[in-house]
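Have a look at the structure below before the remarks.
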Amino acid sequence: MTPDPPAPHRRSFLKCTGALGAAAALSASSAACSWGPESTNDTGGSGGGKNATLMAVIGYGNDGSWDPTQTASAFATAANNHIYEGLVDTDPISREPYAALATRVPADLSGTSWTFRLRAGATFHDGTPVTADDVVFVFDRILDPTTQTLAKGFFAGWLREVRKIDAHHVELVLKFPFPDGISRLTLAKIMPRHVFSRPGAWDDAIRGKAIGSGPYRQTAHHPKSNTVFEAFAAYNGPRRPAFKKMNWQTMVDAAPRVAKISGAAAGARIADNIPYANIAQLTKGGMTVRGAAGMNNLFLMFNTRHKPFDDLRVRQALHHAIDTGTMVEVALKGHGKPSTSFLDEGNPSYRPAKTVYSYDPRKAKQLLEAAGVKGLKIDILAVNVSWIVDCLPTIKASWDAIGVETTLSPQETTAVFTKMDQKQDYQVVVAASNPNQFGLDADLIMHYNYGPQNLWMGYTRWADHPVARRLFRDMDLATREPDADKKKTMIQDYIDIVAEQAVLYPVVHNELMTAWDARRLTGMRAQPYPGINLLQAKWA
């Protein structure tokens with residue numbers, strides 16, 4: 001893929017094609033898909049104490065896209081927050097903005113021009129100074145109408161352009177006043193132009209090549225195995241690296257992930273995506289286990305070009321049929337709630353939707369009958385994320401109970417969405433999502449999932465529906481609304497449409513659990529979205 005590829009011919013979210021030949025020890029400037037030391041337990045001879053390697057276990061694959069402008073991969077997004085910087089970054093929990101590559105956050109955000117000075121002495125991991133050209137390069141890619149990126153949905157609606165003033169200053173020109181945009185700048189990670197403007201460089205970024213200016217540099221990357229980081233000695237920003245080396249292992253299956261942090265001989269000090277059934281075991285073993293609730297959800301996504309899923313009554317019926325109470329009690333062990341809006345109940349813009357899918361199998365049967373649907377058979381295409389797999393039997397039992405013969409086909413996340421990108425036929429996808437990894441504001445969350453050029457809408461084949469076109473207009477009007485209270489109401493009103501249509505809609509919102517050894521680590525906080533953030537953690 002060239003720096004300005006045509007429309008979305010490849011997957012933007014979680015794609016990686018696998019290792020390219022034998023792994024080799026390569027420098028950061030020539031990173032390939034798989035490279036560096038092979039051992040997932042490698043400590044690099046770093047020894048103990050403050051020089052020890054921090055071993056972490058991530059419950060999501062590291063074989064998705066690593067391109068910061070495109071990825072929604074939980075592993076890559078978390079890793080990129082340690083490798084790259086935005087002009088402004090945000091606290092992983094509160095999402096309060098702080099100056100990262102910029103020297104300060106503008107005091108006045110009410111206008112349509114924001115000016116930033118770059119941090120003196122900031123360099124990329126290959127030793128090249130960060131300049132305004134690099135900033136403009138990234139934003140040009142994001143805003144380029146011929147380039148399909150995930151980040152475009154976060155910026156194109158309100159940001160007109162980014163201009164170079166001189167080598168150390170840039171100006172962001174807004175289409176209208178949009179103070180909420182300041183927190184979104186963390187989603188535009190600044191990348192070296194001299195590296196990623198080369199032919200094929202964006203393909204390399206997708207496969208795992210990562211060169212930033214952040215506190216940690218990537219030194220090895222093996223898809224489906226591990227990624228290794230080292231402290232970047234030349235980093236002079238606000239989040240200094242506390243660990244000489246980090247080794248993040250990917251373990252999607254729950255059992256080996258829990259084993260890796262269990263017992264006296266535990267190899268890892270921190271792990272995310274902790275199964276609810278293992279909380280007591282880990283706590284008894286001395287680990288600290290904390291949860292955080294937010295937008296993490298299990299959702300249904302329908303192919304509206306595959307009959308009868310073009311009929312909203314069928315989509316509504318399948319939502320009403322799911323015994324969400326049992327799902328929360330049995331699969332989630334009480335760490336979740338049936339969804340009553342697209343947004344989770346803790347979101348500041350939350351309001352119960354006018355259409356709430358309470359468990360009602362009788363209504364589900366009535367809706368199917370009204371739609372003239374009999375003998376429906378569904379093969380659920382599902383991701384194999386451990387807690388999703390735990391929920392699948394409830395969905396099957398619920399749909400079987402209303403006469404819908406259901407088959408479960410859980411697969412790796414990359415396999416599921418590669419099929420989506422290839423526009424293969426499907427009926428229903430069951431997967432996990434959490435837009436909180438991008439931010440907290442409802443406008444951002446909704447634009448992540450819905451929009452005329454949105455990739456999710458491409459998967460549903462719904463973007464050209466008359467209701468969808470009206471919805472997207474309402475969303476754009478809400479984005480432009482300057483009055484905060486009016487904007488909140490406008491968002492709540494269009495979420496009612498999203499709920500009624502149920503094209504891509506959550507079934508349950510659940511709590512995410514993180515475990516760490518507080519005897520060895522301090523400064524850790526559980527976050528309500530996948531992955532980990534170690535920028536304020538350190539050895540105890």
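Ligands are numbered from 1 in the order shown, residues from 1 within each chain, and chains are lettered A, B, ... in the order they appear in the structure tokens.
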Practice task
Write out as a list in words which residues come within 8 Å of Phe299 (chain A) when counting only C-alpha atoms, dropping same-chain ones fewer than 3 positions away.
Solution key: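 Once the adjacent positions are removed, what remains is Val430, Ala431, Ala432, Ser433, Leu504, Tyr505, Pro506, Val507 and Val508 of chain A.
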Practice task
Please report, as a count of residues only, each residue of region 192-323 of chain A to which DSSP assigns strand (DSSP E or B) when run on this structure's backbone.
Solution key: 36
Handout entry: Counting only C-alpha atoms, the option among A:Arg193, A:Ala242, A:Leu150, A:Gln249 closest to Asp63 (chain A)
Key =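 When distances to Asp63 (chain A) are compared using only C-alpha atoms, the smallest one comes from A:Gln249.
Take the candidates A:Val383, A:Val136, A:Leu300, A:Ile142 and check each one against Leu318 (chain A) using only C-alpha atoms; the shortest distance goes to A:Leu300.
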Handout entry: Shell of 12 Å around Ala72 (chain A), only C-alpha atoms, local chain residues under 6 positions omitted, as a PyMOL selection string
Key = chain A and resi 11-15+60-66+78-80+149-151+187+206+413-414+417+432-438+448-449+455-456+529-531
Dump of N, CA, C and O atoms for the selected residues, as a compact mmCIF listing (two decimals), in the first residue's frame:
```txt
# COMPACT_ATOMS: atom_id res chain seq x y z
N ARG A 11 -8.28 -4.60 5.15
CA ARG A 11 -8.87 -4.36 6.45
C ARG A 11 -8.12 -3.31 7.21
O ARG A 11 -6.92 -3.34 7.31
N SER A 12 -8.87 -2.35 7.77
CA SER A 12 -8.25 -1.24 8.47
C SER A 12 -8.07 -1.55 9.94
O SER A 12 -7.28 -0.89 10.60
N PHE A 13 -8.86 -2.47 10.50
CA PHE A 13 -8.86 -2.62 11.93
C PHE A 13 -7.80 -3.57 12.47
O PHE A 13 -6.97 -3.23 13.27
N LEU A 14 -7.83 -4.82 12.04
CA LEU A 14 -7.05 -5.83 12.76
C LEU A 14 -6.25 -6.73 11.84
O LEU A 14 -5.96 -7.86 12.16
N LYS A 15 -5.88 -6.25 10.66
CA LYS A 15 -5.28 -7.11 9.64
C LYS A 15 -3.77 -7.27 9.84
O LYS A 15 -3.07 -6.33 10.10
N TYR A 60 -5.44 -10.46 23.95
CA TYR A 60 -5.85 -10.16 22.58
C TYR A 60 -4.64 -10.37 21.66
O TYR A 60 -3.50 -10.28 22.09
N GLY A 61 -4.91 -10.63 20.39
CA GLY A 61 -3.84 -10.93 19.45
C GLY A 61 -2.99 -9.73 19.12
O GLY A 61 -3.47 -8.59 19.08
N ASN A 62 -1.69 -9.96 18.87
CA ASN A 62 -0.79 -8.89 18.44
C ASN A 62 -0.58 -8.93 16.93
O ASN A 62 0.36 -8.32 16.41
N ASP A 63 -1.45 -9.66 16.23
CA ASP A 63 -1.28 -9.84 14.78
C ASP A 63 -2.25 -8.97 13.99
O ASP A 63 -2.43 -9.18 12.79
N GLY A 64 -2.88 -8.00 14.64
CA GLY A 64 -3.72 -7.04 13.92
C GLY A 64 -2.87 -5.90 13.37
O GLY A 64 -1.65 -5.88 13.49
N SER A 65 -3.52 -4.94 12.75
CA SER A 65 -2.81 -3.80 12.19
C SER A 65 -2.15 -2.98 13.30
O SER A 65 -2.75 -2.73 14.34
N TRP A 66 -0.90 -2.54 13.03
CA TRP A 66 -0.19 -1.66 13.95
C TRP A 66 -0.13 -0.23 13.44
O TRP A 66 0.48 0.63 14.08
N ALA A 78 -2.78 -0.39 22.56
CA ALA A 78 -2.11 -0.23 23.85
C ALA A 78 -0.61 -0.07 23.67
O ALA A 78 0.02 0.80 24.29
N ALA A 79 -0.02 -0.88 22.80
CA ALA A 79 1.43 -0.79 22.57
C ALA A 79 1.80 0.55 21.94
O ALA A 79 2.79 1.18 22.33
N ASN A 80 1.00 0.99 20.98
CA ASN A 80 1.30 2.26 20.30
C ASN A 80 1.28 3.44 21.26
O ASN A 80 1.97 4.44 21.04
N THR A 149 -8.96 5.58 6.37
CA THR A 149 -8.36 5.27 7.67
C THR A 149 -9.43 5.34 8.74
O THR A 149 -10.41 6.08 8.62
N LEU A 150 -9.22 4.59 9.80
CA LEU A 150 -10.13 4.66 10.94
C LEU A 150 -10.11 6.05 11.55
O LEU A 150 -11.15 6.60 11.95
N ALA A 151 -8.94 6.66 11.63
CA ALA A 151 -8.80 7.97 12.27
C ALA A 151 -9.58 9.06 11.55
O ALA A 151 -9.93 10.07 12.17
N LEU A 187 -5.23 10.54 19.19
CA LEU A 187 -5.50 9.50 18.19
C LEU A 187 -4.72 9.73 16.90
O LEU A 187 -4.74 8.87 16.01
N ILE A 206 1.19 -1.72 9.04
CA ILE A 206 0.11 -2.66 9.35
C ILE A 206 0.67 -3.93 9.96
O ILE A 206 0.15 -4.46 10.95
N THR A 413 -10.09 -13.37 15.72
CA THR A 413 -10.62 -12.07 15.32
C THR A 413 -10.15 -11.67 13.93
O THR A 413 -10.93 -11.17 13.11
N THR A 414 -8.87 -11.91 13.65
CA THR A 414 -8.35 -11.55 12.33
C THR A 414 -9.05 -12.33 11.23
O THR A 414 -9.32 -11.78 10.15
N PHE A 417 -12.67 -10.79 10.59
CA PHE A 417 -12.75 -9.51 9.91
C PHE A 417 -12.03 -9.50 8.56
O PHE A 417 -12.28 -8.63 7.73
N ALA A 432 -16.70 -8.45 20.14
CA ALA A 432 -16.51 -7.49 21.23
C ALA A 432 -16.07 -6.15 20.65
O ALA A 432 -15.38 -6.09 19.65
N SER A 433 -16.48 -5.09 21.31
CA SER A 433 -16.08 -3.75 20.90
C SER A 433 -15.93 -2.88 22.13
O SER A 433 -16.59 -3.11 23.15
N ASN A 434 -15.07 -1.89 22.02
CA ASN A 434 -14.92 -0.93 23.10
C ASN A 434 -14.33 0.37 22.56
O ASN A 434 -13.11 0.56 22.55
N PRO A 435 -15.17 1.30 22.11
CA PRO A 435 -14.68 2.58 21.61
C PRO A 435 -13.99 3.43 22.67
O PRO A 435 -13.36 4.44 22.33
N ASN A 436 -14.09 3.03 23.95
CA ASN A 436 -13.42 3.80 25.00
C ASN A 436 -11.91 3.81 24.82
O ASN A 436 -11.22 4.67 25.40
N GLN A 437 -11.35 2.88 24.05
CA GLN A 437 -9.92 2.94 23.83
C GLN A 437 -9.54 4.18 23.02
O GLN A 437 -8.39 4.59 23.00
N PHE A 438 -10.53 4.80 22.36
CA PHE A 438 -10.30 6.03 21.62
C PHE A 438 -10.71 7.28 22.39
O PHE A 438 -10.18 8.36 22.15
N TYR A 448 -17.39 6.21 15.60
CA TYR A 448 -16.55 5.03 15.44
C TYR A 448 -17.33 3.90 14.76
O TYR A 448 -16.79 3.15 13.95
N ASN A 449 -18.61 3.79 15.09
CA ASN A 449 -19.42 2.69 14.58
C ASN A 449 -20.33 3.06 13.41
O ASN A 449 -20.71 2.19 12.63
N LEU A 455 -16.27 1.90 8.18
CA LEU A 455 -15.99 0.53 7.82
C LEU A 455 -16.99 -0.46 8.41
O LEU A 455 -17.36 -1.45 7.78
N TRP A 456 -17.44 -0.18 9.63
CA TRP A 456 -18.46 -1.04 10.23
C TRP A 456 -19.73 -1.02 9.39
O TRP A 456 -20.38 -2.05 9.20
N TYR A 529 -11.23 -0.51 29.16
CA TYR A 529 -11.10 -0.92 27.77
C TYR A 529 -9.90 -1.85 27.67
O TYR A 529 -9.04 -1.87 28.56
N PRO A 530 -9.80 -2.65 26.63
CA PRO A 530 -8.76 -3.68 26.55
C PRO A 530 -7.35 -3.12 26.55
O PRO A 530 -7.11 -1.97 26.16
N GLY A 531 -6.41 -3.96 26.94
CA GLY A 531 -5.01 -3.57 26.96
C GLY A 531 -4.58 -3.05 28.32
O GLY A 531 -5.33 -3.07 29.30
```
Practice task
Could you give me, as a list in words, the residues within 12 Å of Lys164 (chain A), counting only C-alpha atoms and dropping anything in the same chain fewer than 4 positions from it?
Solution key: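 The filter keeps Thr115, Phe116, Arg117, Leu118, Thr131, Ala132, Asp133, Asp134, Val135, Val136, Phe137, Phe139, Asp140, His168, His169, Val170, Glu171, Leu172 and Val173 of chain A.
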Practice task
Using DSSP on the backbone coordinates, identify all residues within region 438-514 of chain A classified as alpha helix (DSSP H); present the result as a PyMOL selection string.
Solution key: chain A and resi 442-449+455-460+466-480+484-501
Exercise for the section: Measure the distance from CA of Pro199 (chain A) to CA of Arg141 (chain A) in Å and round it to one decimal. Expected result: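 Separating CA of Pro199 (chain A) from CA of Arg141 (chain A) is a distance of 14.2 Å.
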Handout entry: Selected residue of minimal separation from Arg217 (chain A) among A:Ala371, A:Ala231, A:Val195, A:Met420, counting only C-alpha atoms
Key = A:Ala231
Handout entry: Within 9 Å of Val314 (chain A) using only C-alpha atoms, minus same-chain residues under 2 positions, as a VMD selection string
Key = chain A and resid 308 to 312 316 to 319 364 367 to 368 371 373
Problem - Computed interatomic separation between CA of Ala499 (chain A) and CA of Gly294 (chain A) (Å) - result: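 CA of Gly294 (chain A) lies 18.2 Å from CA of Ala499 (chain A).
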Handout entry: Distance of CA of Leu54 (chain A) from CA of His222 (chain A), expressed in Å to one decimal place
Key =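 Between these atoms lies a distance of 17.3 Å.
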